[in-house]
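Okay, structure_34.csv now, which holds CSV, C-alpha atoms:
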chain,number,residue,atom,x,y,z
H,1,MET,CA,14.1,14.2,4.9
H,2,ILE,CA,12.0,12.2,2.4
H,3,GLU,CA,10.7,13.7,-0.8
H,4,PHE,CA,8.5,12.0,-3.5
H,5,LEU,CA,8.7,13.1,-7.1
H,6,GLU,CA,5.3,12.2,-8.4
H,7,GLU,CA,5.9,12.5,-12.1
H,8,GLU,CA,9.0,10.3,-12.0
H,9,HIS,CA,7.6,8.1,-9.1
H,10,ILE,CA,10.9,8.2,-7.2
H,11,TYR,CA,11.8,8.8,-3.6
H,12,LEU,CA,14.7,11.0,-2.5
H,13,TYR,CA,16.3,10.8,1.0
H,14,ASP,CA,18.4,13.9,1.6
H,15,GLY,CA,18.5,14.4,-2.2
H,16,VAL,CA,19.6,10.8,-3.0
H,17,ILE,CA,17.3,8.4,-4.9
H,18,ILE,CA,16.4,5.3,-2.8
H,19,PRO,CA,14.3,2.3,-3.9
H,20,SER,CA,10.6,2.2,-3.2
H,21,VAL,CA,8.6,-0.6,-1.6
H,22,SER,CA,7.1,-1.1,-5.1
H,23,GLU,CA,10.6,-1.8,-6.5
H,24,ILE,CA,11.3,-4.4,-3.8
H,25,LEU,CA,7.9,-6.0,-4.5
H,26,HIS,CA,8.8,-6.1,-8.2
H,27,PHE,CA,12.0,-7.9,-7.2
H,28,ILE,CA,10.0,-10.5,-5.1
H,29,PHE,CA,7.2,-10.9,-7.8
H,30,PRO,CA,9.0,-10.2,-11.1
H,31,ASN,CA,6.3,-11.7,-13.3
H,32,LYS,CA,3.2,-10.4,-11.4
H,33,TYR,CA,1.9,-8.3,-14.3
H,34,LYS,CA,3.7,-10.1,-17.1
H,35,ASN,CA,0.6,-11.0,-19.0
H,36,VAL,CA,-1.2,-7.7,-18.6
H,37,ASP,CA,-0.8,-5.1,-21.3
H,38,ILE,CA,0.3,-1.6,-20.4
H,39,LYS,CA,-3.0,0.1,-21.4
H,40,THR,CA,-5.0,-2.2,-19.1
H,41,LEU,CA,-2.5,-1.7,-16.2
H,42,HIS,CA,-2.7,2.1,-16.7
H,43,LYS,CA,-6.5,2.0,-16.7
H,44,LYS,CA,-6.7,-0.1,-13.6
H,45,ALA,CA,-4.1,2.1,-11.8
H,46,GLU,CA,-6.2,5.2,-12.7
H,47,TYR,CA,-9.3,3.6,-11.4
H,48,GLY,CA,-7.7,2.6,-8.1
H,49,SER,CA,-6.1,6.0,-7.7
H,50,LYS,CA,-9.5,7.7,-8.1
H,51,VAL,CA,-11.0,5.5,-5.4
H,52,HIS,CA,-8.0,6.2,-3.1
H,53,GLU,CA,-8.4,9.9,-3.7
H,54,ALA,CA,-12.2,9.8,-3.0
H,55,ILE,CA,-11.6,7.9,0.3
H,56,GLU,CA,-8.9,10.5,1.3
H,57,PHE,CA,-11.3,13.4,0.5
H,58,LEU,CA,-14.2,11.7,2.3
H,59,GLU,CA,-12.1,11.2,5.5
H,60,GLN,CA,-11.0,14.8,5.3
H,61,SER,CA,-14.5,16.1,4.8
H,62,LYS,CA,-13.5,17.6,1.4
H,63,PRO,CA,-15.9,17.7,-1.6
H,64,MET,CA,-15.7,14.4,-3.5
H,65,PRO,CA,-14.1,14.2,-6.9
H,66,ASP,CA,-16.2,13.1,-9.9
H,67,LEU,CA,-16.6,9.4,-9.9
H,68,ASP,CA,-18.1,6.9,-12.3
H,69,LEU,CA,-20.7,4.4,-11.2
H,70,ASN,CA,-18.3,1.7,-10.3
H,71,GLN,CA,-16.1,4.0,-8.2
H,72,GLU,CA,-19.3,5.3,-6.5
H,73,PHE,CA,-20.1,1.7,-5.7
H,74,SER,CA,-16.6,1.2,-4.2
H,75,ILE,CA,-17.1,4.2,-2.0
H,76,LYS,CA,-20.5,2.8,-0.8
H,77,GLN,CA,-18.7,-0.5,0.0
H,78,TYR,CA,-16.0,1.4,1.9
H,79,LEU,CA,-18.7,3.3,4.0
H,80,ARG,CA,-20.4,-0.1,4.7
H,81,LEU,CA,-17.2,-1.6,5.9
H,82,LYS,CA,-16.4,1.6,7.9
H,83,ASP,CA,-19.7,1.3,9.7
H,84,ARG,CA,-19.6,-2.5,10.2
H,85,PHE,CA,-16.0,-2.6,11.6
H,86,ASN,CA,-15.9,0.8,13.3
H,87,ILE,CA,-13.1,2.0,11.1
H,88,LYS,CA,-11.7,5.3,12.4
H,89,VAL,CA,-8.9,6.7,10.2
H,90,GLN,CA,-6.0,8.2,12.1
H,91,VAL,CA,-3.4,8.9,9.4
H,92,GLN,CA,-3.6,8.7,5.6
H,93,GLU,CA,-0.9,8.6,2.8
H,94,GLN,CA,2.1,8.9,5.1
H,95,MET,CA,5.6,8.6,3.6
H,96,ILE,CA,8.0,6.4,5.5
H,97,ASN,CA,11.6,5.1,5.0
H,98,TYR,CA,13.7,2.4,6.5
H,99,LYS,CA,17.3,3.4,7.3
H,100,ASP,CA,17.7,5.2,4.0
H,101,ILE,CA,17.4,1.8,2.3
H,102,TYR,CA,13.9,2.1,1.0
H,103,ALA,CA,10.9,4.4,1.1
H,104,GLY,CA,7.2,4.2,0.5
H,105,ARG,CA,3.8,5.6,1.3
H,106,PHE,CA,1.1,3.6,3.1
H,107,ASP,CA,-2.6,4.2,2.6
H,108,MET,CA,-3.8,4.5,6.2
H,109,ILE,CA,-3.5,3.8,9.9
H,110,ALA,CA,-6.9,3.2,11.5
H,111,THR,CA,-8.5,1.7,14.5
H,112,ILE,CA,-10.7,-1.2,13.4
H,113,ASN,CA,-13.0,-2.3,16.2
H,114,ASP,CA,-10.6,-0.3,18.5
H,115,VAL,CA,-7.5,-2.2,17.3
H,116,LEU,CA,-4.7,-0.1,15.9
H,117,SER,CA,-4.1,-1.3,12.3
H,118,LEU,CA,-2.1,-0.6,9.2
H,119,CYS,CA,-4.3,-0.8,6.1
H,120,ASP,CA,-3.9,-0.9,2.3
H,121,ILE,CA,-6.8,-0.2,0.0
H,122,LYS,CA,-7.1,-2.5,-3.0
H,123,THR,CA,-9.5,-2.3,-5.9
H,124,THR,CA,-8.2,-5.3,-7.8
H,125,ALA,CA,-10.5,-8.1,-9.1
H,126,GLN,CA,-8.6,-10.7,-7.0
H,127,LEU,CA,-6.8,-10.1,-3.7
H,128,ASP,CA,-3.2,-11.2,-3.6
H,129,LYS,CA,-2.7,-11.8,0.1
H,130,GLU,CA,1.0,-12.9,-0.3
H,131,TYR,CA,1.8,-9.7,-2.1
H,132,LEU,CA,0.0,-7.6,0.5
H,133,SER,CA,1.8,-9.5,3.3
H,134,TRP,CA,5.1,-8.3,1.9
H,135,GLN,CA,3.9,-4.8,1.1
H,136,LEU,CA,2.3,-4.1,4.5
H,137,SER,CA,5.2,-5.8,6.4
H,138,PHE,CA,7.8,-3.6,4.7
H,139,TYR,CA,5.7,-0.5,5.5
H,140,GLU,CA,5.4,-1.7,9.1
H,141,LEU,CA,9.1,-2.3,9.4
H,142,ALA,CA,9.9,1.2,8.3
H,143,PHE,CA,7.2,2.7,10.6
H,144,MET,CA,8.6,0.7,13.5
H,145,ASN,CA,12.1,2.0,12.7
H,146,MET,CA,10.9,5.6,12.5
H,147,TYR,CA,8.5,5.7,15.5
H,148,GLY,CA,9.1,2.5,17.5
H,149,ASN,CA,5.4,1.4,17.2
H,150,LYS,CA,4.2,-1.9,15.9
H,151,PHE,CA,0.6,-2.4,14.7
H,152,GLU,CA,-1.8,-4.9,16.3
H,153,LYS,CA,-3.1,-6.0,12.9
H,154,LEU,CA,-2.5,-5.6,9.1
H,155,TYR,CA,-5.6,-5.3,6.9
H,156,ALA,CA,-6.6,-5.0,3.3
H,157,ILE,CA,-9.7,-2.9,2.6
H,158,TRP,CA,-10.7,-4.7,-0.6
H,159,LEU,CA,-13.1,-2.8,-2.8
H,160,PRO,CA,-13.3,-4.8,-6.1
H,161,LYS,CA,-15.1,-3.1,-9.0
H,162,LYS,CA,-17.5,-6.0,-9.3
H,163,GLY,CA,-18.5,-7.4,-5.9
H,164,TYR,CA,-18.9,-6.5,-2.3
H,165,GLY,CA,-16.1,-4.9,-0.3
H,166,GLU,CA,-14.3,-7.0,2.3
H,167,LEU,CA,-12.0,-6.3,5.2
H,168,VAL,CA,-9.3,-9.0,5.0
H,169,GLU,CA,-6.7,-9.5,7.7
H,170,ILE,CA,-3.2,-10.0,6.3
H,171,GLU,CA,-0.5,-12.0,7.9
H,172,ARG,CA,2.8,-10.2,8.5
H,173,LYS,CA,6.2,-11.4,7.5
H,174,SER,CA,8.8,-11.8,10.2
H,175,ILE,CA,11.5,-9.2,10.5
H,176,SER,CA,14.1,-11.9,9.6
H,177,GLU,CA,12.3,-12.6,6.3
H,178,LEU,CA,12.1,-8.9,5.5
H,179,LEU,CA,15.8,-8.4,6.2
H,180,ARG,CA,16.8,-11.5,4.2
H,181,VAL,CA,14.8,-10.2,1.1
H,182,LEU,CA,16.3,-6.7,1.6
H,183,LYS,CA,19.8,-8.2,1.6
H,184,GLU,CA,19.0,-10.1,-1.6
H,185,PHE,CA,17.5,-7.0,-3.2
H,186,GLU,CA,20.6,-4.9,-2.4
H,187,GLU,CA,22.9,-7.6,-3.7
H,188,SER,CA,20.9,-7.8,-7.0
H,189,ARG,CA,21.1,-4.0,-7.4
H,190,LYS,CA,24.9,-4.1,-6.9
H,191,GLU,CA,25.2,-6.8,-9.6
H,192,VAL,CA,23.2,-4.7,-12.0
H,193,GLU,CA,25.4,-1.6,-11.3
H,194,LYS,CA,28.6,-3.6,-12.1

Can you turn what I pasted into structure tokens?
Amino acid sequence: MIEFLEEEHIYLYDGVIIPSVSEILHFIFPNKYKNVDIKTLHKKAEYGSKVHEAIEFLEQSKPMPDLDLNQEFSIKQYLRLKDRFNIKVQVQEQMINYKDIYAGRFDMIATINDVLSLCDIKTTAQLDKEYLSWQLSFYELAFMNMYGNKFEKLYAIWLPKKGYGELVEIERKSISELLRVLKEFEESRKEVEK
């Protein structure tokens, strides 16, 4: 059984802490946010979280949270993409784990033009497709391990603060690439623990 402790941002599997997809991504991209100060990172994370929450509420027909003008614009862009690409959300914010090795929570499974897809919502100014390729591929690997299903496509629903939203197809990493990185990640963790 997976648990997520929000305040500490840690995943537990049967009471034992296991790494998150975010930790693995930090291992792959150790300098991704090196030149961004903590306050800016926190502000951007809050902004993105609010847009995620609003989309989740929208899809569940719940009253929308209070949004600023930029966040409202992002939601309008989401609705435009939803209409244009016939996005029908099936599942949102589901926790997954891969063989007790790592855990995470993906944004959504949706049909997009009737194609079953795994999607991540991004509000960043620039879209890092390589980062997303690893992120979504690790989510898909865990999902396949848990349920036996693979997705037809991986997508970013990109809703930048300044600019029009885009639906961007993301290339998946091969299972062999994912397992190689997992092995390297595990070896690096063992070295740190020594």

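For the choices H:Tyr78, H:Val181, H:Val168, H:Arg105, the atom-to-atom distance to Leu132 (chain H) is smallest for H:Val168 when using all atoms listed in the file.
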
For His26 (chain H): contacts at 12 Å, only C-alpha atoms, fewer than 6 positions along chain excluded, given as a VMD selection string: chain H and resid 19 to 20 32 to 34 131 134 to 135 181 185

Residues of region 25-142 of chain H that have any atom at most 7 Å from an atom of region 152-156 of chain H: could you tabulate them with the shortest-distance atom pair and the distance in Å to one decimal, using all atoms listed in the file, ordered by chain and increasing number, as JSON lines?
{"residue": "H:Val115", "atom": "CA", "partner": "H:Glu152", "partner_atom": "CA", "distance": 6.4}
{"residue": "H:Leu116", "atom": "CA", "partner": "H:Glu152", "partner_atom": "CA", "distance": 5.6}
{"residue": "H:Ser117", "atom": "CA", "partner": "H:Lys153", "partner_atom": "CA", "distance": 4.8}
{"residue": "H:Leu118", "atom": "CA", "partner": "H:Leu154", "partner_atom": "CA", "distance": 5.0}
{"residue": "H:Cys119", "atom": "CA", "partner": "H:Tyr155", "partner_atom": "CA", "distance": 4.8}
{"residue": "H:Asp120", "atom": "CA", "partner": "H:Ala156", "partner_atom": "CA", "distance": 5.0}
{"residue": "H:Ile121", "atom": "CA", "partner": "H:Ala156", "partner_atom": "CA", "distance": 5.8}
{"residue": "H:Lys122", "atom": "CA", "partner": "H:Ala156", "partner_atom": "CA", "distance": 6.8}
{"residue": "H:Leu136", "atom": "CA", "partner": "H:Leu154", "partner_atom": "CA", "distance": 6.8}

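Computed from the coordinates, the CA of Ile157 (chain H) to CA of Leu81 (chain H) distance equals 8.3 Å.
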
- prompt: Hey, which of H:Val16, H:Met64, H:Ile24, H:Ala45 ends up closest to Ile2 (chain H)? Count all atoms listed in the file.
  reply: H:Val16

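Take CA of Ile38 (chain H) and CA of Leu159 (chain H): the distance between them is 22.2 Å.
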
message: Set the distance at 8 Å and use all atoms listed in the file: which residues neighbour Phe138 (chain H) once local chain neighbours fewer than 4 positions away are removed? I'd like the list as a PyMOL selection string.
response: chain H and resi 21+134+142+178

query: H:Asp83, H:Glu93, H:Ile109, H:Leu41: which is nearest Asn149 (chain H), counting all atoms listed in the file?
result: H:Ile109

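Nearest residue to Glu130 (chain H) among H:Ile17, H:Leu58, H:Leu179, H:Ile170 is H:Ile170, counting all atoms listed in the file.
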
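The space separating CA of Phe29 (chain H) from CA of Gly48 (chain H) comes to 20.1 Å.
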